[in-house]
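Data file: my_file-v8.txt. Format and content: compact mmCIF, C-alpha atoms.
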# COMPACT_ATOMS: atom_id res chain seq x y z
CA MET Q 22 13.46 -1.78 -11.29
CA ASN Q 23 16.93 -0.37 -10.72
CA ARG Q 24 16.98 1.82 -7.67
CA ASP Q 25 20.01 2.11 -5.41
CA ASP Q 26 18.44 4.45 -2.89
CA PHE Q 27 15.02 4.54 -1.32
CA VAL Q 28 12.86 7.63 -1.35
CA LEU Q 29 11.15 8.95 1.74
CA PRO Q 30 7.51 9.19 0.62
CA ARG Q 31 4.83 11.29 2.22
CA LEU Q 32 1.88 8.91 2.37
CA ASP Q 33 -1.81 9.83 2.07
CA GLY Q 34 -1.29 13.57 2.53
CA ARG Q 35 -0.09 13.40 6.14
CA LYS Q 36 2.85 15.39 7.45
CA PRO Q 37 4.66 12.62 9.31
CA SER Q 38 7.69 12.87 11.54
CA TYR Q 39 11.06 11.90 10.13
CA ARG Q 40 10.85 8.56 11.91
CA GLU Q 41 7.44 7.96 10.33
CA ARG Q 42 8.76 8.93 6.91
CA VAL Q 43 11.55 6.38 7.23
CA ALA Q 44 9.04 3.74 8.38
CA ASP Q 45 6.81 4.58 5.40
CA ALA Q 46 9.77 4.24 3.05
CA LEU Q 47 10.61 0.85 4.54
CA ARG Q 48 7.01 -0.29 4.13
CA ALA Q 49 7.05 0.85 0.51
CA ALA Q 50 10.30 -1.06 -0.04
CA LEU Q 51 8.74 -4.18 1.48
CA ILE Q 52 5.67 -3.89 -0.72
CA ALA Q 53 7.66 -3.23 -3.88
CA GLY Q 54 10.02 -6.13 -3.26
CA GLU Q 55 13.12 -4.06 -2.49
CA LEU Q 56 13.30 -5.93 0.84
CA ARG Q 57 12.46 -9.61 0.45
CA PRO Q 58 11.02 -12.08 2.99
CA GLY Q 59 13.75 -13.91 4.87
CA GLU Q 60 16.41 -11.26 4.29
CA VAL Q 61 18.20 -9.89 7.33
CA HIS Q 62 19.10 -6.19 7.36
CA SER Q 63 20.93 -4.06 9.88
CA ALA Q 64 19.88 -0.54 10.77
CA PRO Q 65 23.29 0.89 9.74
CA GLY Q 66 23.12 -0.92 6.40
CA LEU Q 67 19.66 0.41 5.60
CA ALA Q 68 20.65 3.85 6.86
CA ALA Q 69 23.47 3.91 4.33
CA ARG Q 70 20.96 3.18 1.55
CA PHE Q 71 18.70 5.96 2.79
CA GLY Q 72 21.53 8.39 3.32
CA VAL Q 73 20.37 9.08 6.87
CA SER Q 74 21.61 8.27 10.36
CA ALA Q 75 21.00 4.83 11.83
CA THR Q 76 18.86 6.05 14.74
CA PRO Q 77 15.62 6.85 12.85
CA VAL Q 78 16.03 3.67 10.81
CA ARG Q 79 16.40 1.56 13.96
CA GLU Q 80 13.36 3.25 15.50
CA ALA Q 81 11.36 2.71 12.32
CA LEU Q 82 12.33 -0.97 12.24
CA LEU Q 83 11.10 -1.35 15.81
CA ASP Q 84 7.76 0.12 14.68
CA LEU Q 85 7.63 -2.37 11.81
CA ALA Q 86 8.44 -5.20 14.23
CA LYS Q 87 5.33 -4.26 16.25
CA GLU Q 88 3.30 -4.56 13.05
CA GLY Q 89 4.73 -8.00 12.30
CA LEU Q 90 6.54 -6.85 9.17
CA VAL Q 91 10.01 -7.73 10.50
CA ASP Q 92 11.42 -9.84 13.32
CA THR Q 93 14.40 -8.94 15.45
CA VAL Q 94 17.47 -11.14 15.03
CA PRO Q 95 19.83 -10.81 18.02
CA ASN Q 96 23.23 -9.37 17.12
CA LYS Q 97 22.33 -9.22 13.42
CA GLY Q 98 19.42 -6.89 12.81
CA PHE Q 99 15.92 -7.47 11.48
CA ARG Q 100 14.53 -10.25 9.30
CA VAL Q 101 11.73 -9.49 6.83
CA THR Q 102 8.78 -11.73 7.69
CA ALA Q 103 6.94 -13.81 5.11
CA VAL Q 104 3.20 -13.67 4.46
CA SER Q 105 1.41 -16.96 3.86
CA GLU Q 106 -1.23 -17.56 1.22
CA ARG Q 107 -3.80 -18.10 3.96
CA GLN Q 108 -2.92 -14.78 5.57
CA LEU Q 109 -3.24 -12.99 2.22
CA ASP Q 110 -6.66 -14.57 1.68
CA GLU Q 111 -7.77 -13.48 5.13
CA TYR Q 112 -6.48 -9.92 4.69
CA THR Q 113 -8.20 -9.63 1.31
CA HIS Q 114 -11.45 -10.97 2.74
CA ILE Q 115 -11.44 -8.43 5.55
CA ARG Q 116 -10.59 -5.61 3.12
CA SER Q 117 -13.49 -6.64 0.88
CA LEU Q 118 -15.89 -6.59 3.83
CA ILE Q 119 -14.78 -3.07 4.74
CA GLU Q 120 -13.76 -1.33 1.53
CA THR Q 121 -16.34 -2.53 -0.96
CA PRO Q 122 -19.50 -1.38 0.88
CA THR Q 123 -17.84 1.75 2.24
CA THR Q 124 -16.61 2.84 -1.18
CA ALA Q 125 -19.91 1.96 -2.85
CA GLN Q 126 -21.79 4.11 -0.36
CA LEU Q 127 -19.68 7.09 -1.38
CA ALA Q 128 -21.55 7.08 -4.70
CA THR Q 129 -24.46 8.69 -2.86
CA THR Q 130 -22.65 10.66 -0.15
CA ALA Q 131 -19.29 11.95 -1.43
CA ASP Q 132 -18.87 15.49 -2.68
CA THR Q 133 -18.09 15.71 -6.39
CA ALA Q 134 -15.17 18.08 -5.87
CA ALA Q 135 -13.65 15.77 -3.26
CA LEU Q 136 -13.88 12.85 -5.67
CA GLU Q 137 -12.40 14.84 -8.55
CA ALA Q 138 -9.50 15.82 -6.28
CA LEU Q 139 -8.48 12.16 -6.29
CA ARG Q 140 -8.23 11.92 -10.08
CA PRO Q 141 -4.62 13.16 -10.23
CA VAL Q 142 -3.73 10.47 -7.69
CA ALA Q 143 -5.43 7.78 -9.77
CA GLU Q 144 -3.51 9.02 -12.80
CA GLU Q 145 -0.26 8.89 -10.79
CA ILE Q 146 -0.92 5.20 -10.15
CA VAL Q 147 -1.28 4.49 -13.86
CA THR Q 148 1.81 6.54 -14.71
CA ALA Q 149 3.84 4.71 -12.08
CA ALA Q 150 2.63 1.33 -13.35
CA VAL Q 151 3.58 2.16 -16.94
CA ALA Q 152 7.00 3.38 -15.80
CA GLY Q 153 7.55 0.38 -13.53
CA ASP Q 154 8.13 2.72 -10.59
CA LEU Q 155 6.86 0.45 -7.83
CA ILE Q 156 7.64 2.74 -4.91
CA ALA Q 157 5.64 5.53 -6.55
CA TYR Q 158 2.89 3.02 -7.39
CA VAL Q 159 2.32 1.81 -3.85
CA GLU Q 160 2.61 5.31 -2.40
CA ALA Q 161 -0.02 6.72 -4.78
CA ASP Q 162 -2.19 3.61 -4.41
CA LEU Q 163 -2.22 4.08 -0.65
CA ARG Q 164 -3.14 7.75 -0.94
CA PHE Q 165 -5.97 6.94 -3.32
CA HIS Q 166 -7.62 4.16 -1.32
CA LEU Q 167 -7.21 5.78 2.07
CA GLY Q 168 -8.29 9.09 0.57
CA LEU Q 169 -11.51 7.50 -0.65
CA LEU Q 170 -12.20 5.83 2.68
CA ALA Q 171 -11.53 9.08 4.52
CA LEU Q 172 -14.51 10.61 2.69
CA ALA Q 173 -16.72 8.27 4.72
CA GLY Q 174 -15.69 10.18 7.84
CA ASN Q 175 -14.57 7.18 9.91
CA GLU Q 176 -10.94 7.58 10.98
CA HIS Q 177 -10.81 4.20 12.73
CA LEU Q 178 -11.90 2.44 9.55
CA VAL Q 179 -9.09 4.16 7.64
CA GLU Q 180 -6.53 3.02 10.19
CA VAL Q 181 -7.78 -0.58 10.07
CA VAL Q 182 -7.39 -0.68 6.29
CA ARG Q 183 -3.98 1.00 6.52
CA ASP Q 184 -2.85 -1.76 8.88
CA LEU Q 185 -4.23 -4.52 6.64
CA ARG Q 186 -2.38 -3.08 3.66
CA ARG Q 187 0.86 -2.92 5.62
CA ARG Q 188 0.56 -6.54 6.66
CA SER Q 189 -0.39 -7.91 3.24
CA ARG Q 190 2.54 -6.44 1.25
CA LEU Q 191 2.47 -6.86 -2.53
CA TYR Q 192 6.08 -7.97 -2.68
CA GLY Q 193 5.59 -9.70 -6.04
CA LEU Q 194 5.09 -6.46 -7.93
CA THR Q 195 8.55 -6.35 -9.48
CA ALA Q 196 8.04 -9.37 -11.72
CA LEU Q 197 4.51 -8.29 -12.57
CA ALA Q 198 5.67 -4.87 -13.66
CA GLU Q 199 8.31 -6.47 -15.85
CA GLN Q 200 5.60 -8.65 -17.41
CA GLY Q 201 3.40 -5.63 -18.11
CA ARG Q 202 0.57 -6.93 -15.93
CA LEU Q 203 0.43 -4.09 -13.43
CA GLN Q 204 -1.20 -1.47 -15.64
CA ALA Q 205 -4.57 -3.25 -15.71
CA SER Q 206 -4.83 -3.06 -11.93
CA ALA Q 207 -3.72 0.58 -11.98
CA GLU Q 208 -6.42 1.56 -14.45
CA GLU Q 209 -9.10 0.13 -12.18
CA HIS Q 210 -8.59 3.12 -9.89
CA LEU Q 211 -9.88 5.39 -12.64
CA GLU Q 212 -12.83 3.05 -13.18
CA ILE Q 213 -13.70 3.25 -9.49
CA LEU Q 214 -13.53 7.03 -9.57
CA ASP Q 215 -15.63 7.32 -12.73
CA ALA Q 216 -18.30 5.01 -11.30
CA LEU Q 217 -18.44 7.11 -8.14
CA LEU Q 218 -18.80 10.30 -10.15
CA ASP Q 219 -21.59 8.64 -12.17
CA ARG Q 220 -23.30 7.96 -8.82
CA ASP Q 221 -23.62 4.31 -9.81
CA GLU Q 222 -23.37 2.36 -6.55
CA ASP Q 223 -23.73 -1.02 -8.23
CA ALA Q 224 -20.93 -0.24 -10.69
CA VAL Q 225 -18.66 0.89 -7.86
CA ARG Q 226 -19.32 -2.34 -5.99
CA ALA Q 227 -18.59 -4.39 -9.11
CA VAL Q 228 -15.32 -2.61 -9.89
CA MET Q 229 -14.17 -2.75 -6.26
CA THR Q 230 -14.90 -6.48 -6.12
CA ARG Q 231 -12.93 -7.02 -9.32
CA HIS Q 232 -10.12 -4.76 -8.14
CA LEU Q 233 -9.60 -6.53 -4.83
CA GLY Q 234 -9.77 -9.88 -6.59
CA HIS Q 235 -7.22 -8.63 -9.08
CA VAL Q 236 -4.95 -7.45 -6.29
CA ARG Q 237 -5.18 -10.85 -4.60
CA GLY Q 238 -4.28 -12.39 -7.94
CA LEU Q 239 -1.19 -10.20 -8.05
CA TRP Q 240 -0.23 -11.37 -4.59
CA ALA Q 241 -0.76 -15.02 -5.47
CA ALA Q 242 1.31 -14.70 -8.64
CA ARG Q 243 4.45 -13.51 -6.91
Kindly transcribe the structure held in the file into structure tokens.
Amino acid sequence: MNRDDFVLPRLDGRKPSYRERVADALRAALIAGELRPGEVHSAPGLAARFGVSATPVREALLDLAKEGLVDTVPNKGFRVTAVSERQLDEYTHIRSLIETPTTAQLATTADTAALEALRPVAEEIVTAAVAGDLIAYVEADLRFHLGLLALAGNEHLVEVVRDLRRRSRLYGLTALAEQGRLQASAEEHLEILDALLDRDEDAVRAVMTRHLGHVRGLWAAR
């Protein structure tokens, strides 16, 4: 994907502060592979790519350092941290324990209109995958999954999954998009939604299990 400048996405419908928007954009860049593990970046250098001042970028990087996404390098800036295969397995396992049963339960509890409201987001994910727009992909993917979990009414659960997603980082997506392998994962979001609207809890559980396994496969193939 050729992209000289990062966008400042608004994730999962929130109205974040400017500092949070910059942090979200950095997370999206990490996930999409715009910022690679081991690379060292300075706040002024990233600010130039964003077209913003260095202060919110530096503050955002400090937030990402607290999350373990970057490490500080004295007199140089911030190094993007790597994620091991074991860590990815552990993150995926925890997500499966939380997301699969929670999403499946929505088949009997979620309002139809609330579910249908997520269809445009699921379609955005597919469109982004087809176009190879990885920043748009991860931003819409986050809104979809956290939007679903929010229907369960447990804000703490949503924040736990948000943190797991931040830490796991699908930074192998660029090559997968070029190989045309990303669309299959994107289309699973529509399958999840359709199964929920059919009120088929078993089908939701099956698709969610396949989807998370697929995602882990994408991570492992980077």
Length of the CA of Pro65 in chain Q to CA of Pro95 in chain Q vector [Å]: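 For CA of Pro65 in chain Q relative to CA of Pro95 in chain Q, the distance reads 14.7 Å.
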From Q:Val78, Q:Leu109, Q:Ile156, Q:Ile119, residue lying nearest His177 in chain Q [all atoms listed in the file]: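 Smallest separation from His177 in chain Q among the options: Q:Ile119.
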Polymer residues at most 10 Å from Ser206 in chain Q, all atoms listed in the file, same-chain spacing of 5 or more positions, as a list in words: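 Selected residues are Ile146, Val147, Ala150, Leu211, Arg231, His232, Leu233, Gly234, His235, Val236 and Leu239 of chain Q.
Between Glu222 in chain Q and the candidates Q:Thr130, Q:Val159, Q:Asp110, Q:Leu178, the tightest atom-to-atom separation, counting only C-alpha atoms, involves Q:Thr130.
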List every residue of range 137-163 of chain Q that has an atom at most 12 Å from any atom of range 201-204 of chain Q, and for each one report the closest atom pair and its distance in Å to one decimal, counting only C-alpha atoms, with rows sorted by chain and then by increasing residue number, as a tab-separated table.
residue	atom	partner	partner_atom	distance
Q:Ala143	CA	Q:Gln204	CA	11.7
Q:Glu144	CA	Q:Gln204	CA	11.1
Q:Glu145	CA	Q:Gln204	CA	11.5
Q:Ile146	CA	Q:Gln204	CA	8.6
Q:Val147	CA	Q:Gln204	CA	6.2
Q:Thr148	CA	Q:Gln204	CA	8.6
Q:Ala149	CA	Q:Gln204	CA	8.7
Q:Ala150	CA	Q:Gln204	CA	5.3
Q:Val151	CA	Q:Gln204	CA	6.1
Q:Ala152	CA	Q:Gln204	CA	9.5
Q:Gly153	CA	Q:Leu203	CA	8.4
Q:Asp154	CA	Q:Leu203	CA	10.7
Q:Leu155	CA	Q:Leu203	CA	9.7
Q:Tyr158	CA	Q:Leu203	CA	9.6
Q:Val159	CA	Q:Leu203	CA	11.4
Interatomic distance (Å, one decimal) between CA of Ile52 in chain Q and CA of Leu217 in chain Q: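 Spanning CA of Ile52 in chain Q to CA of Leu217 in chain Q is a straight-line distance of 27.5 Å.
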Cut-off 8 Å around (16.3, -12.2, 6.0) with all atoms listed in the file: residues as a list in words: Arg57, Pro58, Gly59, Glu60, Val61, His62, Phe99, Arg100, Val101 and Thr102 of chain Q
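Using only C-alpha atoms, the nearest neighbour of Val104 in chain Q within the list Q:Ala75, Q:Ala125, Q:Leu185, Q:Leu172 is Q:Leu185.
The coordinates place CA of Asp84 in chain Q at 7.4 Å from CA of Ala44 in chain Q.
Distances here use all atoms listed in the file; by that measure, the residue among Q:Asp92, Q:Glu199, Q:Asp184, Q:Asp219 closest to Leu127 in chain Q is Q:Asp219.
For the set Q:Arg79, Q:Arg183, Q:Lys87, Q:Ala171, the residue with the smallest atom-to-atom gap to Ala135 in chain Q is Q:Ala171, counting only C-alpha atoms.
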Nearest to Glu137 in chain Q, chosen from Q:Phe165, Q:Glu208, Q:Glu120, Q:Gly98, with all atoms listed in the file counted in the distances: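 Closest residue, counting all atoms listed in the file: Q:Phe165.
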Nearby residues, (6.9, -1.4, 8.5) file frame, 8 Å, all atoms listed in the file, as a list in words: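 Residues with an atom close enough to that point: Ala44, Asp45, Leu47, Arg48, Leu51, Ala81, Leu82, Asp84, Leu85, Ala86, Glu88, Gly89, Leu90, Val91 and Arg187 of chain Q.
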Output C-alpha atoms for every residue in the selection just made, as a tab-separated table (two decimals), keeping the file's coordinate frame.
chain	number	residue	atom	x	y	z
Q	44	ALA	CA	9.04	3.74	8.38
Q	45	ASP	CA	6.81	4.58	5.40
Q	47	LEU	CA	10.61	0.85	4.54
Q	48	ARG	CA	7.01	-0.29	4.13
Q	51	LEU	CA	8.74	-4.18	1.48
Q	81	ALA	CA	11.36	2.71	12.32
Q	82	LEU	CA	12.33	-0.97	12.24
Q	84	ASP	CA	7.76	0.12	14.68
Q	85	LEU	CA	7.63	-2.37	11.81
Q	86	ALA	CA	8.44	-5.20	14.23
Q	88	GLU	CA	3.30	-4.56	13.05
Q	89	GLY	CA	4.73	-8.00	12.30
Q	90	LEU	CA	6.54	-6.85	9.17
Q	91	VAL	CA	10.01	-7.73	10.50
Q	187	ARG	CA	0.86	-2.92	5.62
Contact residues around Leu218 in chain Q with all atoms listed in the file at 12 Å, ignoring same-chain residues under 5 positions, as a list in words: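 Here the answer would be Thr124, Ala125, Gln126, Leu127, Ala128, Thr129, Thr130, Ala131, Asp132, Thr133, Ala134, Ala135, Leu136, Glu137, Ala138, Leu139, Arg140, Leu211, Glu212, Ile213, Ala224 and Val225 of chain Q.
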